[in-house]
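This is structure_31.txt (compact mmCIF, C-alpha atoms).
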```
# COMPACT_ATOMS: atom_id res chain seq x y z
CA MET E 1 -2.05 12.68 11.33
CA ILE E 2 0.16 9.92 12.70
CA ILE E 3 -1.00 8.46 16.02
CA LYS E 4 -0.88 5.36 18.18
CA SER E 5 -3.85 3.02 18.24
CA PRO E 6 -6.46 4.01 20.83
CA PHE E 7 -7.55 0.35 20.76
CA ASN E 8 -4.29 -1.28 21.91
CA GLY E 9 -1.58 1.44 22.03
CA THR E 10 0.51 0.16 19.10
CA ILE E 11 2.47 2.81 17.23
CA PRO E 12 3.38 3.30 13.56
CA LYS E 13 6.95 2.64 12.40
CA ILE E 14 7.83 4.72 9.33
CA HIS E 15 11.14 4.68 7.49
CA SER E 16 12.79 8.10 7.54
CA THR E 17 13.17 8.13 3.74
CA SER E 18 9.42 7.76 3.11
CA PHE E 19 7.20 10.58 1.89
CA VAL E 20 3.90 10.93 3.76
CA ALA E 21 1.63 13.70 2.40
CA LEU E 22 0.32 16.35 4.78
CA ASP E 23 -3.24 15.02 5.15
CA VAL E 24 -2.51 11.28 5.34
CA VAL E 25 -3.86 9.38 8.38
CA ILE E 26 -1.71 6.59 9.84
CA ILE E 27 -2.96 4.92 13.01
CA GLY E 28 -1.48 2.14 15.14
CA ASP E 29 0.34 -1.01 14.05
CA VAL E 30 1.61 0.18 10.66
CA GLU E 31 5.11 -0.42 9.24
CA ILE E 32 6.23 1.60 6.22
CA GLY E 33 9.41 0.71 4.31
CA ALA E 34 12.14 2.84 2.78
CA TYR E 35 11.30 5.29 -0.02
CA THR E 36 7.60 4.48 0.08
CA ASN E 37 5.30 7.36 -0.83
CA ILE E 38 1.84 7.85 0.62
CA TRP E 39 -0.24 10.45 -1.19
CA PHE E 40 -2.91 12.94 -0.16
CA GLY E 41 -6.00 11.63 1.58
CA ALA E 42 -4.75 8.06 2.11
CA LYS E 43 -5.78 6.25 5.29
CA LEU E 44 -3.79 3.41 6.89
CA ARG E 45 -5.69 2.27 9.97
CA GLY E 46 -3.78 -0.34 11.95
CA ASP E 47 -5.87 0.09 15.07
CA TRP E 48 -6.99 -3.57 15.31
CA GLY E 49 -4.85 -5.43 12.80
CA LYS E 50 -1.38 -4.90 11.37
CA ILE E 51 -0.49 -3.15 8.11
CA ILE E 52 2.92 -3.79 6.52
CA VAL E 53 4.00 -1.73 3.51
CA GLY E 54 7.25 -2.64 1.75
CA GLN E 55 9.85 -0.34 0.24
CA ASN E 56 9.53 1.76 -2.94
CA THR E 57 5.75 1.39 -2.82
CA SER E 58 3.25 4.06 -3.86
CA ILE E 59 -0.03 4.36 -1.98
CA GLN E 60 -1.94 6.89 -4.01
CA ASP E 61 -4.53 9.51 -3.15
CA ASN E 62 -7.51 8.39 -1.03
CA ALA E 63 -6.44 4.74 -0.78
CA VAL E 64 -7.67 2.92 2.34
CA LEU E 65 -5.85 0.08 4.13
CA HIS E 66 -7.31 -1.72 7.14
CA SER E 67 -7.41 -5.21 8.62
CA ARG E 68 -9.55 -7.38 10.84
CA PRO E 69 -8.42 -7.78 14.48
CA ASN E 70 -5.15 -9.70 14.81
CA GLU E 71 -4.80 -10.06 11.02
CA VAL E 72 -2.33 -8.52 8.53
CA CYS E 73 -2.75 -6.39 5.43
CA LYS E 74 0.61 -6.88 3.69
CA ILE E 75 1.67 -4.73 0.75
CA GLY E 76 4.92 -5.78 -0.98
CA ASN E 77 7.88 -3.90 -2.41
CA ASN E 78 7.62 -1.78 -5.58
CA VAL E 79 3.82 -1.89 -5.51
CA ARG E 80 1.39 0.75 -6.77
CA LEU E 81 -1.96 1.08 -5.04
CA GLY E 82 -4.10 3.25 -7.31
CA HIS E 83 -6.24 6.22 -6.37
CA SER E 84 -9.18 5.41 -4.08
CA CYS E 85 -8.45 1.69 -3.89
CA MET E 86 -9.23 -0.41 -0.81
CA CYS E 87 -7.15 -3.23 0.68
CA HIS E 88 -8.74 -5.00 3.64
CA GLY E 89 -6.77 -7.63 5.51
CA PRO E 90 -6.02 -10.28 5.89
CA CYS E 91 -4.71 -9.78 2.38
CA ILE E 92 -1.42 -9.81 0.49
CA ILE E 93 -0.30 -7.69 -2.45
CA GLY E 94 2.80 -9.26 -4.05
CA ASP E 95 5.94 -7.37 -5.02
CA TYR E 96 5.84 -5.36 -8.29
CA SER E 97 2.03 -5.49 -8.43
CA LEU E 98 -0.53 -2.85 -9.32
CA VAL E 99 -3.96 -2.39 -7.76
CA GLY E 100 -5.91 -0.16 -10.14
CA ILE E 101 -7.97 2.94 -9.45
CA GLN E 102 -10.98 2.20 -7.20
CA ALA E 103 -10.19 -1.52 -7.10
CA THR E 104 -10.93 -3.50 -3.94
CA VAL E 105 -8.90 -6.32 -2.37
CA LEU E 106 -11.06 -8.19 0.15
CA ASP E 107 -10.30 -10.29 3.21
CA GLY E 108 -8.38 -13.46 2.34
CA ALA E 109 -7.31 -12.31 -1.14
CA LYS E 110 -3.78 -12.42 -2.51
CA LEU E 111 -2.61 -10.57 -5.62
CA GLY E 112 0.43 -12.43 -6.94
CA THR E 113 3.87 -11.01 -7.67
CA GLY E 114 3.98 -8.78 -10.75
CA SER E 115 0.21 -8.95 -11.23
CA VAL E 116 -2.37 -6.28 -12.02
CA LEU E 117 -5.86 -5.88 -10.58
CA ALA E 118 -7.72 -3.68 -13.07
CA GLY E 119 -9.41 -0.48 -11.96
CA GLY E 120 -12.85 -0.97 -10.39
CA SER E 121 -12.32 -4.71 -9.91
CA VAL E 122 -13.00 -6.69 -6.74
CA LEU E 123 -10.52 -9.40 -5.76
CA LYS E 124 -11.68 -12.00 -3.27
CA ALA E 125 -9.38 -14.96 -4.03
CA LYS E 126 -5.73 -15.87 -4.47
CA THR E 127 -4.19 -15.17 -7.89
CA GLU E 128 -1.30 -16.37 -10.00
CA ASP E 129 1.88 -14.34 -10.42
CA PHE E 130 2.44 -12.09 -13.48
CA SER E 131 -1.19 -11.98 -14.55
CA LEU E 132 -4.00 -9.50 -15.19
CA TYR E 133 -7.23 -9.82 -13.20
CA ALA E 134 -10.39 -7.80 -13.84
CA GLY E 135 -14.10 -7.79 -13.07
CA ILE E 136 -16.45 -8.32 -10.15
CA PRO E 137 -15.40 -10.77 -8.93
CA ALA E 138 -11.98 -10.47 -10.55
CA THR E 139 -10.96 -13.30 -12.86
CA LYS E 140 -7.77 -13.93 -14.80
CA LYS E 141 -7.72 -12.24 -18.20
CA LYS E 142 -4.14 -13.00 -19.32
CA GLY E 143 -0.60 -13.74 -18.20
CA TYR E 144 2.39 -11.42 -18.61
CA PRO E 145 5.58 -12.76 -20.23
CA ASN E 146 7.63 -9.71 -19.06
CA LYS E 147 8.25 -10.40 -15.39
CA ASN E 148 9.42 -6.85 -14.51
CA LEU E 149 6.28 -5.11 -15.73
CA ASN E 150 5.88 -2.58 -12.90
CA GLU E 151 9.48 -1.96 -11.80
CA PHE E 152 10.02 1.19 -13.88
CA SER E 153 6.85 2.98 -12.82
CA SER E 154 7.38 2.38 -9.08
CA ASN E 155 10.75 4.15 -9.44
CA LEU E 156 9.01 7.19 -10.95
CA TYR E 157 6.77 7.46 -7.87
CA VAL E 158 9.77 7.14 -5.55
CA GLU E 159 11.44 10.06 -7.35
CA ASN E 160 8.26 12.14 -7.26
CA GLY E 161 7.71 11.42 -3.56
CA GLN E 162 11.26 12.55 -2.79
CA LYS E 163 10.64 15.81 -4.67
CA PHE E 164 7.46 16.46 -2.65
CA LYS E 165 9.31 15.61 0.57
CA LYS E 166 12.17 18.00 -0.27
CA ALA E 167 9.63 20.75 -1.10
CA GLY E 168 8.11 20.41 2.40
CA TYR E 169 4.77 18.81 1.45
CA GLY E 170 5.15 15.90 3.85
CA LEU E 171 4.09 15.31 7.42
CA LYS E 172 6.68 15.72 10.14
CA ILE E 173 6.99 12.21 11.50
CA PRO E 174 7.42 12.09 15.30
CA GLU E 175 10.87 10.82 16.26
CA GLU E 176 9.48 7.84 18.20
CA TYR E 177 7.79 6.58 15.01
CA LEU E 178 10.89 6.74 12.77
CA ILE E 179 12.92 3.83 11.43
CA ASN E 180 16.46 4.89 10.47
CA ASP E 181 18.27 1.82 9.13
```
As structure tokens:
Amino acid sequence: MIIKSPFNGTIPKIHSTSFVALDVVIIGDVEIGAYTNIWFGAKLRGDWGKIIVGQNTSIQDNAVLHSRPNEVCKIGNNVRLGHSCMCHGPCIIGDYSLVGIQATVLDGAKLGTGSVLAGGSVLKAKTEDFSLYAGIPATKKKGYPNKNLNEFSSNLYVENGQKFKKAGYGLKIPEEYLIND
């Protein structure tokens, strides 16, 4: 389901190359970049606040994105949001980052570029770039010397999303919601 916000009438803007699975819910002020893939059961609810998702990003099954009124939940490029994770804005997920399965990113948090939030963790602060965070609350466990840690795996999800799209397993995105640049 892809609909405008009943709260303020804002509409989603979804790049035409993106894959959006059949049962995904996208509401309101949501922008989705090129070649992003949004998997089964995900919810992106931009009814009050804005949600921005970069390009080549994978939002996996049952993930939930939302934001407080007039705030932004910003997900970068080449990001992986794991199964059943939650990102609640205002928050920022840096480019090439990974939010693990069932992890939570709370209001005011920022996961740095190339960083990992381990599965089941809860992030409620700003983090350094290229680092691993884990726990409740999440704390830094180590830094990563390889600064392109997640680039390869985001490309695999882009390829898989395009296969699902070609096979007809994606939502038909209404013309007025499409971005074609």
Can you build me a table of range 20-110 of chain E residues sitting at most 9 Å from range 150-172 of chain E, with the closest atom pair per residue and its distance in Å to one decimal, using only C-alpha atoms, sorted by chain and residue number, as JSON lines?
```
{"residue": "E:Val20", "atom": "CA", "partner": "E:Gly170", "partner_atom": "CA", "distance": 5.1}
{"residue": "E:Ala21", "atom": "CA", "partner": "E:Gly170", "partner_atom": "CA", "distance": 4.4}
{"residue": "E:Leu22", "atom": "CA", "partner": "E:Leu171", "partner_atom": "CA", "distance": 4.7}
{"residue": "E:Asp23", "atom": "CA", "partner": "E:Leu171", "partner_atom": "CA", "distance": 7.7}
{"residue": "E:Val24", "atom": "CA", "partner": "E:Leu171", "partner_atom": "CA", "distance": 8.0}
{"residue": "E:Tyr35", "atom": "CA", "partner": "E:Val158", "partner_atom": "CA", "distance": 6.0}
{"residue": "E:Thr36", "atom": "CA", "partner": "E:Val158", "partner_atom": "CA", "distance": 6.6}
{"residue": "E:Asn37", "atom": "CA", "partner": "E:Gly161", "partner_atom": "CA", "distance": 5.5}
{"residue": "E:Ile38", "atom": "CA", "partner": "E:Gly161", "partner_atom": "CA", "distance": 8.0}
{"residue": "E:Trp39", "atom": "CA", "partner": "E:Gly161", "partner_atom": "CA", "distance": 8.4}
{"residue": "E:Asn56", "atom": "CA", "partner": "E:Val158", "partner_atom": "CA", "distance": 6.0}
{"residue": "E:Thr57", "atom": "CA", "partner": "E:Ser154", "partner_atom": "CA", "distance": 6.5}
{"residue": "E:Ser58", "atom": "CA", "partner": "E:Tyr157", "partner_atom": "CA", "distance": 6.3}
{"residue": "E:Asn78", "atom": "CA", "partner": "E:Ser154", "partner_atom": "CA", "distance": 5.4}
{"residue": "E:Val79", "atom": "CA", "partner": "E:Ser154", "partner_atom": "CA", "distance": 6.6}
{"residue": "E:Arg80", "atom": "CA", "partner": "E:Ser154", "partner_atom": "CA", "distance": 6.6}
{"residue": "E:Tyr96", "atom": "CA", "partner": "E:Asn150", "partner_atom": "CA", "distance": 5.4}
{"residue": "E:Ser97", "atom": "CA", "partner": "E:Asn150", "partner_atom": "CA", "distance": 6.6}
{"residue": "E:Leu98", "atom": "CA", "partner": "E:Asn150", "partner_atom": "CA", "distance": 7.3}
```
If you count only C-alpha atoms, which residues fall within 8 Å of Lys110 in chain E, apart from same-chain ones fewer than 4 positions away, as a VMD selection string? chain E and resid 91 to 94 105 124 to 127
Across E:Val64, E:Glu176, E:Cys87, E:Asp181, the smallest distance to Thr10 in chain E, with all atoms listed in the file counted, is shown by E:Glu176
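Distance-wise, CA of Gly89 in chain E and CA of Asp47 in chain E end up 12.3 Å apart.
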Judged by all atoms listed in the file, the minimum distance to Lys142 in chain E among E:Asp95, E:Asp61, E:Glu128, E:Glu71 is found for E:Glu128
request  = Excluding Pro12 in chain E and residues on its chain fewer than 4 positions from it, collect all residues at most 12 Å away from it, counting all atoms listed in the file, and give them as a list in words.
outcome  = Met1, Ile2, Ile3, Lys4, Ser5, Val25, Ile26, Ile27, Gly28, Asp29, Val30, Glu31, Ile32, Gly33, Leu44, Arg45, Gly46, Asp47, Lys50, Ile51, Ile52, Val53, Ile173, Pro174, Glu175, Glu176, Tyr177, Leu178 and Ile179 of chain E
Print the selection's residues with C-alpha atoms to a file, as a short mmCIF file (atom, residue, chain, number, x, y, z; two decimals), keeping the file's coordinate frame.
```cif
data_model
loop_
_atom_site.label_atom_id
_atom_site.label_comp_id
_atom_site.auth_asym_id
_atom_site.auth_seq_id
_atom_site.Cartn_x
_atom_site.Cartn_y
_atom_site.Cartn_z
CA MET E 1 -2.05 12.68 11.33
CA ILE E 2 0.16 9.92 12.70
CA ILE E 3 -1.00 8.46 16.02
CA LYS E 4 -0.88 5.36 18.18
CA SER E 5 -3.85 3.02 18.24
CA VAL E 25 -3.86 9.38 8.38
CA ILE E 26 -1.71 6.59 9.84
CA ILE E 27 -2.96 4.92 13.01
CA GLY E 28 -1.48 2.14 15.14
CA ASP E 29 0.34 -1.01 14.05
CA VAL E 30 1.61 0.18 10.66
CA GLU E 31 5.11 -0.42 9.24
CA ILE E 32 6.23 1.60 6.22
CA GLY E 33 9.41 0.71 4.31
CA LEU E 44 -3.79 3.41 6.89
CA ARG E 45 -5.69 2.27 9.97
CA GLY E 46 -3.78 -0.34 11.95
CA ASP E 47 -5.87 0.09 15.07
CA LYS E 50 -1.38 -4.90 11.37
CA ILE E 51 -0.49 -3.15 8.11
CA ILE E 52 2.92 -3.79 6.52
CA VAL E 53 4.00 -1.73 3.51
CA ILE E 173 6.99 12.21 11.50
CA PRO E 174 7.42 12.09 15.30
CA GLU E 175 10.87 10.82 16.26
CA GLU E 176 9.48 7.84 18.20
CA TYR E 177 7.79 6.58 15.01
CA LEU E 178 10.89 6.74 12.77
CA ILE E 179 12.92 3.83 11.43
#
```
